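> Below is one structure. I have some questions about it.
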Amino acid sequence: MDKLLIQGGNRLNGDITISGAKNAALPILCAGLLTSSDVELSNVPNLHDVKTILKLLGQTGLKVLQDGDKVTLNGSAIDKTEAPYELVKTMRASILVLGPLLARFGTAKVSLPGGCNIGSRPVDQHIKGLQAMGAEITIEAGYIYAKCAKLKGARIVTDMITVTGTENLLMAATLAEGETVLENAACEPEVTDLANLLVAMGAKITGIGTNRLVIQGVSELHGAKHAVISDRIEAATFLCAVAAAGGDITIRNTRTDIMDAALDKLREIGVELTIGDNWIRAQMNKRPAPVTFRTTEYPGFPTDMQAQFMAVNTIADGASRVTETIFENRFMHVQEMNRLGAQIETDGNTAFIKGVEQLVGAPVMATDLRASASLVIAGLAARGETLVDRIYHLDRGYDQMEVKLSAVGANIQRIK
Ligand code: EPU
C-alpha cells in the first residue's frame with residue numbers, strides 16, 4: 001500500500017494548476033448513459049474514482065474512449081443495466097447510474113451502497129424520488145431493482161438536501177414524460193455543471209443553480225461537448241496548505257466565483273488573497289488566526305473542506321470550534337491530528353481546537369479522502385517527518401497531489 005513521506009517545515013512557493021472537479025465529473029460521466037450519441041468531455045481529472053466509474057459504465061456496454069483529460073462516451077450499444085456490488089462497494093457515487101439507466105431503458109439493478117467511513121449515507125431520497133416518478137422499486141439481497149414502462153414527471157420534495165440525490169433525479173427527469181419539479185434541490189456548482197451538460201444534450205431545465213429545478217421531459221437527448229468545471233475543493237485544499245505551511249502560491253485554472261465560503265475563512269485566517277479571473281494568489285507570512293465555522297450546503301461552508309481547515313486551526317494562535325452538520329461521523333482525522341500534537345476535543349458533532357505553536361511529525365493513517373488531505377496539510381506544517389498511510393483514499397479524489405505539492409517546494413514523496 002502506498003504511503004506519503006513528508007518532511008515538514010518547507011514554505012510553498014510557485015504555481016499549481018487545478019484539475020477538473022471529481023464530484024462534477026462522476027455524475028457527468030453517468031449522463032453518457034442517457035443518449036446513443038457521442039458525449040465529448042474535457043478537463044476530466046485523472047483519479048481513481050473516475051477509473052472506477054468508467055469501469056462500471058464500460059460494463060453496461062457504454063463505449064469509452066480516453067485520451068488524457070478527454071473522454072468520449074457513446075451509449076449506442078448498452079446491453080446491461082446493472083451496477084454490481086463489487087464496484088458500488090468501492091465507490092458510493094456508483095448510485096448515479098440508477099436514474100439514467102431507469103429513465104432510458106426502463107430497468108436497472110444497482111447494488112445498495114453500504115455505509116462508509118464518514119457516515120451511514122442512505123439513498124432513500126433517490127428511491128423516493130424515482131418512485132414518485134412512477135418507478136416500481138424493490139430491494140432484495142442487497143440490490144435495488146427498479147423498473148417502469150416510462151417515468152412520469154412529478155413534484156418531488158426531498159426530506160433533506162442531497163447532492164447525488166438531486167443529480168440522479170435530475171438525470172431521470174430529463175427523459176420522463178411531462179414536468180418534474182425538484183424542490184429542496186442541491187445548489188452545489190457540481191449539480192449546476194451537470195445541468196449545463198444536460199441542457200447542451202437537449203434537456204429542458206430551468207432554475208439551474210437554485211433549489212427549485214423544473215424539468216420538461218424530452219423523448220431523447222443528443223450528444224454534446226462539455227468541459228468539466230475546475231475542482232473548488234482541490235483548489236481550497238492547496239490554499240489551506242499555504243495557510244498552514246506559509247509561502248506564496250498561485251492556483252490556476254480555478255473558478256473563483258464558487259469558493260466564497262472558503263475564501264472568506266482564508267482571509268479570516270490571515271492569508272492575503274489576490275483574485276484574478278481564473279487564478280488566485282495566496283500569500284501567508286504569519287501564524288494563522290483561528291476560524292470557527294459550521295459546515296452546510298452550498299453556498300455555505302463545504303463539509304468537504306472541514307478537515308483541511310481544521311488542520312490549519314490546529315496551529316492557529318487561539319481556540320476555534322468546528323461543527324459538522326452534513327455527515328455524522330466526519331471527525332476521523334481528529335485522533336490522527338492529535339497524534340501530531342494537536343489539541344482537539346470533540347463533543348458530538350462539534351470539535352474544539354486549541355491551537356498549538358507547532359505540530360510534531362509522526363506516522364498517521366488516512367481514513368477517508370478529505371481526512372487524508374488534512375493530514376498532508378498537517379504534515380507540511382509539522383516539525384520533522386510525517387508518514388501518511390493508506391493514501392489510496394487520497395488517490396480517489398486528488399490528481400497527483402504530491403507531484404503538485406513537490407513542484408511548489410514541499411518535501412513530500414510517495415513510498416511504494
Ligand atoms: N442523505 C440521506 N438520504 C439520501 C441521501 C442523502 O439521508 O437519500 C443524507 C446523507 O446521509 C448526508 C446528507 O443527506 O447526511 C447529505 O448527503 P448527500 O446526498 O448530499 O451526499 P452525497 O451526494 O452522497 C456528495 C459528494 C460528497 C460531499 C456531499 C456533501 C459526490 C460524489 N459526493 O455526496 O463528496 O461530501 O455531497 O456535499 O458528489 C468527497 O468528495 O469527499 C465527498 C464525500
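In the C-alpha cells, chains take letters A, B, ... by order of appearance, with residues numbered from 1 within each chain and ligands from 1 in the order shown.
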Ligand 1: which residues are within 9 Å, counting only C-alpha atoms and all ligand atoms, as number ranges by chain?
A: 22-27, 91-94, 96, 115, 118-128, 158-167, 186, 188, 190-191, 233, 296-298, 302-305, 325-328, 368-371, 396-397
> Report as a ChimeraX atom specification all protein, DNA and RNA residues lying within 12 Å of Ala224 of chain A, evaluated on only C-alpha atoms, omitting residues in the same chain fewer than 2 positions from it.
/A:28,31-32,34-42,72-74,196-203,221-222,226-227
> Ranking A:Leu151, A:Gly276, A:Ala236, A:Arg281 by minimum distance to Asp264 of chain A and counting only C-alpha atoms, which one comes first?
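The closest residue to Asp264 of chain A is A:Ala236.
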> For Asn168 of chain A, which of A:Leu194, A:Ile344, A:Lys147, A:Asn10 is the closest residue, counting only C-alpha atoms?
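Distance minimum relative to Asn168 of chain A lands on A:Leu194.
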> Find the residues near segment 216-218 of chain A: any atom within 9 Å, counting only C-alpha atoms, skip ones fewer than 5 places away on the same chain, and give them as a compact mmCIF listing (two decimals) with N, CA, C and O atoms, in the first residue's frame.

```txt
# COMPACT_ATOMS: atom_id res chain seq x y z
N LYS A 152 -42.68 9.22 -15.24
CA LYS A 152 -43.60 10.34 -15.41
C LYS A 152 -43.17 11.50 -14.53
O LYS A 152 -42.76 11.28 -13.38
N GLY A 153 -43.27 12.71 -15.05
CA GLY A 153 -42.90 13.89 -14.28
C GLY A 153 -43.67 13.95 -12.95
O GLY A 153 -44.79 13.47 -12.86
N ALA A 172 -32.83 11.52 -14.40
CA ALA A 172 -34.02 10.71 -14.70
C ALA A 172 -35.11 11.59 -15.31
O ALA A 172 -35.77 11.21 -16.29
N ALA A 173 -35.30 12.79 -14.75
CA ALA A 173 -36.40 13.66 -15.18
C ALA A 173 -36.24 14.15 -16.61
O ALA A 173 -37.22 14.45 -17.29
N THR A 174 -35.00 14.20 -17.11
CA THR A 174 -34.81 14.73 -18.47
C THR A 174 -35.53 13.89 -19.51
O THR A 174 -35.95 14.39 -20.54
N LEU A 175 -35.67 12.57 -19.22
CA LEU A 175 -36.32 11.68 -20.20
C LEU A 175 -37.71 11.23 -19.74
O LEU A 175 -38.30 10.34 -20.34
N ALA A 176 -38.22 11.85 -18.66
CA ALA A 176 -39.56 11.46 -18.18
C ALA A 176 -40.63 12.16 -19.01
O ALA A 176 -40.35 13.13 -19.72
N GLU A 177 -41.86 11.64 -18.91
CA GLU A 177 -42.98 12.24 -19.64
C GLU A 177 -43.52 13.40 -18.82
O GLU A 177 -43.89 13.21 -17.66
N GLY A 178 -43.51 14.61 -19.37
CA GLY A 178 -44.09 15.75 -18.65
C GLY A 178 -43.10 16.47 -17.75
O GLY A 178 -41.89 16.31 -17.88
N GLU A 179 -43.66 17.23 -16.81
CA GLU A 179 -42.84 18.15 -16.00
C GLU A 179 -42.47 17.56 -14.63
O GLU A 179 -43.32 17.03 -13.93
N THR A 180 -41.21 17.69 -14.29
CA THR A 180 -40.77 17.33 -12.93
C THR A 180 -40.30 18.58 -12.24
O THR A 180 -39.59 19.40 -12.83
N VAL A 181 -40.71 18.73 -10.97
CA VAL A 181 -40.21 19.85 -10.16
C VAL A 181 -39.43 19.25 -8.99
O VAL A 181 -39.97 18.45 -8.23
N GLY A 202 -29.77 18.72 -24.91
CA GLY A 202 -31.15 18.89 -25.37
C GLY A 202 -32.18 18.83 -24.26
O GLY A 202 -33.39 18.88 -24.53
N ALA A 203 -31.74 18.71 -23.00
CA ALA A 203 -32.70 18.67 -21.89
C ALA A 203 -33.29 20.06 -21.68
O ALA A 203 -32.64 21.07 -21.99
N LYS A 204 -34.51 20.09 -21.13
CA LYS A 204 -35.17 21.38 -20.87
C LYS A 204 -35.25 21.56 -19.35
O LYS A 204 -36.07 20.95 -18.67
N ILE A 205 -34.34 22.40 -18.85
CA ILE A 205 -34.25 22.60 -17.39
C ILE A 205 -34.25 24.09 -17.09
O ILE A 205 -33.49 24.84 -17.70
N THR A 206 -35.06 24.50 -16.14
CA THR A 206 -34.96 25.88 -15.66
C THR A 206 -34.69 25.86 -14.15
O THR A 206 -34.89 24.84 -13.49
```
> Grab the atom CA of Leu182 of chain A to atom CA of Leu130 of chain A distance for me, in Å with one decimal place.
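If I compute the distance from atom CA of Leu182 of chain A to atom CA of Leu130 of chain A, I get 11.5 Å.
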> Give the strand (DSSP E) residues of segment 271-407 of chain A, as assigned by DSSP on the backbone, as a PyMOL selection string.
chain A and resi 272-275+279-284+293-294+319-323+343-347+350-354+363-365+385-389
> Nearest to Arg414 of chain A among A:Leu54, A:Ala289, A:Leu4, A:Ile280, with distances taken over only C-alpha atoms: which residue is it?
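Of A:Leu54, A:Ala289, A:Leu4, A:Ile280, the one nearest Arg414 of chain A, counting only C-alpha atoms, is A:Leu4.
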> Closest to Leu213 of chain A among A:Thr386, A:Asn184, A:Thr292, A:Gln413, using only C-alpha atoms?
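Counting only C-alpha atoms, the residue closest to Leu213 of chain A is A:Asn184.
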> Of the candidates A:Pro189, A:Gly209, A:Pro45, A:Gly341, which shows the shortest atom-to-atom distance to Gly355 of chain A, using only C-alpha atoms?
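Selected residue with least distance to Gly355 of chain A: A:Gly341.
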> Residues of segment 177-212 of chain A classed as alpha helix (DSSP H) by DSSP on the backbone are to be reported as number ranges by chain.
A: 189-200
> Suppose we keep N, CA, C and O atoms; can you now write the selection as a short mmCIF file (atom, residue, chain, number, x, y, z; two decimals), in the first residue's frame?

```
data_model
loop_
_atom_site.label_atom_id
_atom_site.label_comp_id
_atom_site.auth_asym_id
_atom_site.auth_seq_id
_atom_site.Cartn_x
_atom_site.Cartn_y
_atom_site.Cartn_z
N PRO A 189 -22.23 23.74 -7.14
CA PRO A 189 -21.79 24.03 -8.51
C PRO A 189 -21.63 22.77 -9.36
O PRO A 189 -21.75 22.82 -10.58
N GLU A 190 -21.41 21.63 -8.70
CA GLU A 190 -21.25 20.38 -9.47
C GLU A 190 -22.60 19.95 -10.04
O GLU A 190 -22.67 19.37 -11.13
N VAL A 191 -23.69 20.25 -9.33
CA VAL A 191 -25.04 19.96 -9.84
C VAL A 191 -25.31 20.86 -11.04
O VAL A 191 -25.83 20.44 -12.07
N THR A 192 -24.91 22.12 -10.90
CA THR A 192 -25.09 23.09 -11.99
C THR A 192 -24.31 22.66 -13.23
O THR A 192 -24.80 22.77 -14.36
N ASP A 193 -23.10 22.15 -13.01
CA ASP A 193 -22.28 21.73 -14.15
C ASP A 193 -22.96 20.58 -14.89
O ASP A 193 -23.02 20.56 -16.12
N LEU A 194 -23.51 19.63 -14.12
CA LEU A 194 -24.25 18.52 -14.73
C LEU A 194 -25.45 19.07 -15.50
O LEU A 194 -25.69 18.67 -16.65
N ALA A 195 -26.19 19.99 -14.88
CA ALA A 195 -27.39 20.53 -15.52
C ALA A 195 -27.02 21.23 -16.83
O ALA A 195 -27.71 21.09 -17.85
N ASN A 196 -25.89 21.94 -16.83
CA ASN A 196 -25.46 22.62 -18.05
C ASN A 196 -25.14 21.63 -19.16
O ASN A 196 -25.46 21.85 -20.33
N LEU A 197 -24.50 20.51 -18.80
CA LEU A 197 -24.25 19.48 -19.82
C LEU A 197 -25.58 18.94 -20.34
O LEU A 197 -25.77 18.78 -21.56
N LEU A 198 -26.52 18.65 -19.43
CA LEU A 198 -27.80 18.07 -19.85
C LEU A 198 -28.53 19.01 -20.83
O LEU A 198 -29.10 18.57 -21.82
N VAL A 199 -28.46 20.32 -20.54
CA VAL A 199 -29.08 21.31 -21.44
C VAL A 199 -28.40 21.25 -22.81
O VAL A 199 -29.05 21.25 -23.85
N ALA A 200 -27.06 21.13 -22.80
CA ALA A 200 -26.33 21.03 -24.07
C ALA A 200 -26.73 19.76 -24.82
O ALA A 200 -26.62 19.69 -26.05
#
```
> Could you tell me which of A:Pro299, A:Gly318, A:Gly348, A:Gly58 comes closest to Ile269 of chain A if we count only C-alpha atoms?
A:Gly318
> Could you give me, as number ranges by chain, the residues within 9 Å of Met337 of chain A, counting only C-alpha atoms and dropping anything in the same chain fewer than 6 positions from it?
A: 311, 314, 343-344, 359, 364, 374-375, 378
> Can those selected residues be exported to a file as a PDB file, in the first residue's frame so that it contains all heavy atoms?

```pdb
ATOM      1  N   ALA A 311      -7.096  21.328  10.104  1.00  0.00           N
ATOM      2  CA  ALA A 311      -5.629  21.176  10.159  1.00  0.00           C
ATOM      3  C   ALA A 311      -4.978  22.543  10.380  1.00  0.00           C
ATOM      4  O   ALA A 311      -4.031  22.670  11.160  1.00  0.00           O
ATOM      5  CB  ALA A 311      -5.123  20.532   8.868  1.00  0.00           C
ATOM      6  N   THR A 314      -5.319  23.744  13.946  1.00  0.00           N
ATOM      7  CA  THR A 314      -4.505  23.080  14.989  1.00  0.00           C
ATOM      8  C   THR A 314      -3.278  23.907  15.359  1.00  0.00           C
ATOM      9  O   THR A 314      -2.771  23.789  16.463  1.00  0.00           O
ATOM     10  CB  THR A 314      -4.030  21.670  14.559  1.00  0.00           C
ATOM     11  OG1 THR A 314      -3.190  21.799  13.407  1.00  0.00           O
ATOM     12  CG2 THR A 314      -5.181  20.728  14.279  1.00  0.00           C
ATOM     13  N   GLN A 343      -4.325  19.707  19.715  1.00  0.00           N
ATOM     14  CA  GLN A 343      -5.172  19.601  20.915  1.00  0.00           C
ATOM     15  C   GLN A 343      -6.615  19.811  20.497  1.00  0.00           C
ATOM     16  O   GLN A 343      -7.103  20.940  20.431  1.00  0.00           O
ATOM     17  CB  GLN A 343      -4.739  20.633  21.945  1.00  0.00           C
ATOM     18  CG  GLN A 343      -3.383  20.277  22.522  1.00  0.00           C
ATOM     19  CD  GLN A 343      -3.052  21.101  23.757  1.00  0.00           C
ATOM     20  OE1 GLN A 343      -3.905  21.753  24.351  1.00  0.00           O
ATOM     21  NE2 GLN A 343      -1.793  21.068  24.138  1.00  0.00           N
ATOM     22  N   ILE A 344      -7.257  18.689  20.179  1.00  0.00           N
ATOM     23  CA  ILE A 344      -8.650  18.745  19.709  1.00  0.00           C
ATOM     24  C   ILE A 344      -9.497  17.829  20.580  1.00  0.00           C
ATOM     25  O   ILE A 344      -9.114  16.682  20.844  1.00  0.00           O
ATOM     26  CB  ILE A 344      -8.776  18.261  18.243  1.00  0.00           C
ATOM     27  CG1 ILE A 344      -7.712  18.906  17.349  1.00  0.00           C
ATOM     28  CG2 ILE A 344     -10.187  18.506  17.704  1.00  0.00           C
ATOM     29  CD1 ILE A 344      -7.636  18.332  15.944  1.00  0.00           C
ATOM     30  N   LEU A 359       3.180  21.523  15.411  1.00  0.00           N
ATOM     31  CA  LEU A 359       2.885  20.084  15.396  1.00  0.00           C
ATOM     32  C   LEU A 359       4.216  19.349  15.248  1.00  0.00           C
ATOM     33  O   LEU A 359       5.184  19.909  14.748  1.00  0.00           O
ATOM     34  CB  LEU A 359       1.976  19.729  14.214  1.00  0.00           C
ATOM     35  CG  LEU A 359       0.577  20.362  14.170  1.00  0.00           C
ATOM     36  CD1 LEU A 359      -0.131  19.984  12.878  1.00  0.00           C
ATOM     37  CD2 LEU A 359      -0.263  19.934  15.378  1.00  0.00           C
ATOM     38  N   VAL A 364       0.802   8.537  10.686  1.00  0.00           N
ATOM     39  CA  VAL A 364      -0.648   8.682  10.838  1.00  0.00           C
ATOM     40  C   VAL A 364      -1.342   7.889   9.736  1.00  0.00           C
ATOM     41  O   VAL A 364      -0.715   7.500   8.748  1.00  0.00           O
ATOM     42  CB  VAL A 364      -1.116  10.168  10.749  1.00  0.00           C
ATOM     43  CG1 VAL A 364      -0.740  10.943  11.992  1.00  0.00           C
ATOM     44  CG2 VAL A 364      -0.569  10.847   9.502  1.00  0.00           C
ATOM     45  N   SER A 374      -6.205  16.478   4.884  1.00  0.00           N
ATOM     46  CA  SER A 374      -5.946  17.287   6.081  1.00  0.00           C
ATOM     47  C   SER A 374      -4.676  16.812   6.779  1.00  0.00           C
ATOM     48  O   SER A 374      -3.933  17.618   7.349  1.00  0.00           O
ATOM     49  CB  SER A 374      -7.143  17.237   7.040  1.00  0.00           C
ATOM     50  OG  SER A 374      -7.208  15.991   7.705  1.00  0.00           O
ATOM     51  N   LEU A 375      -4.399  15.522   6.712  1.00  0.00           N
ATOM     52  CA  LEU A 375      -3.182  15.005   7.357  1.00  0.00           C
ATOM     53  C   LEU A 375      -1.941  15.417   6.566  1.00  0.00           C
ATOM     54  O   LEU A 375      -0.879  15.669   7.139  1.00  0.00           O
ATOM     55  CB  LEU A 375      -3.258  13.480   7.494  1.00  0.00           C
ATOM     56  CG  LEU A 375      -4.360  12.999   8.450  1.00  0.00           C
ATOM     57  CD1 LEU A 375      -4.489  11.481   8.424  1.00  0.00           C
ATOM     58  CD2 LEU A 375      -4.101  13.487   9.884  1.00  0.00           C
ATOM     59  N   ALA A 378      -1.351  18.964   7.646  1.00  0.00           N
ATOM     60  CA  ALA A 378      -0.752  18.982   8.992  1.00  0.00           C
ATOM     61  C   ALA A 378       0.725  18.571   8.902  1.00  0.00           C
ATOM     62  O   ALA A 378       1.589  19.185   9.531  1.00  0.00           O
ATOM     63  CB  ALA A 378      -1.526  18.047   9.916  1.00  0.00           C
TER      64      ALA A 378
END
```
> What is the atom CA of Lys265 of chain A to atom CA of Thr323 of chain A distance in Å?
14.4 Å
> Find the spatial neighbours of Glu357 of chain A, counting only C-alpha atoms, within a cut-off of 8 Å - ignore same-chain residues fewer than 5 positions away - and output them as a PyMOL selection string.
chain A and resi 315-317
> Separation of atom CA of Val322 of chain A and atom CA of Ile391 of chain A, in Å?
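Taking atom CA of Val322 of chain A and atom CA of Ile391 of chain A, their separation equals 24.5 Å.
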> Which residues are near Ile16 of chain A? Cut-off 7 Å, only C-alpha atoms, ignore same chain within fewer than 2 positions. Put them as a list in words.
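Counting only C-alpha atoms, the residues come to Gly14, Ile18, Thr250, Ile251, Arg252 and Lys404 of chain A.
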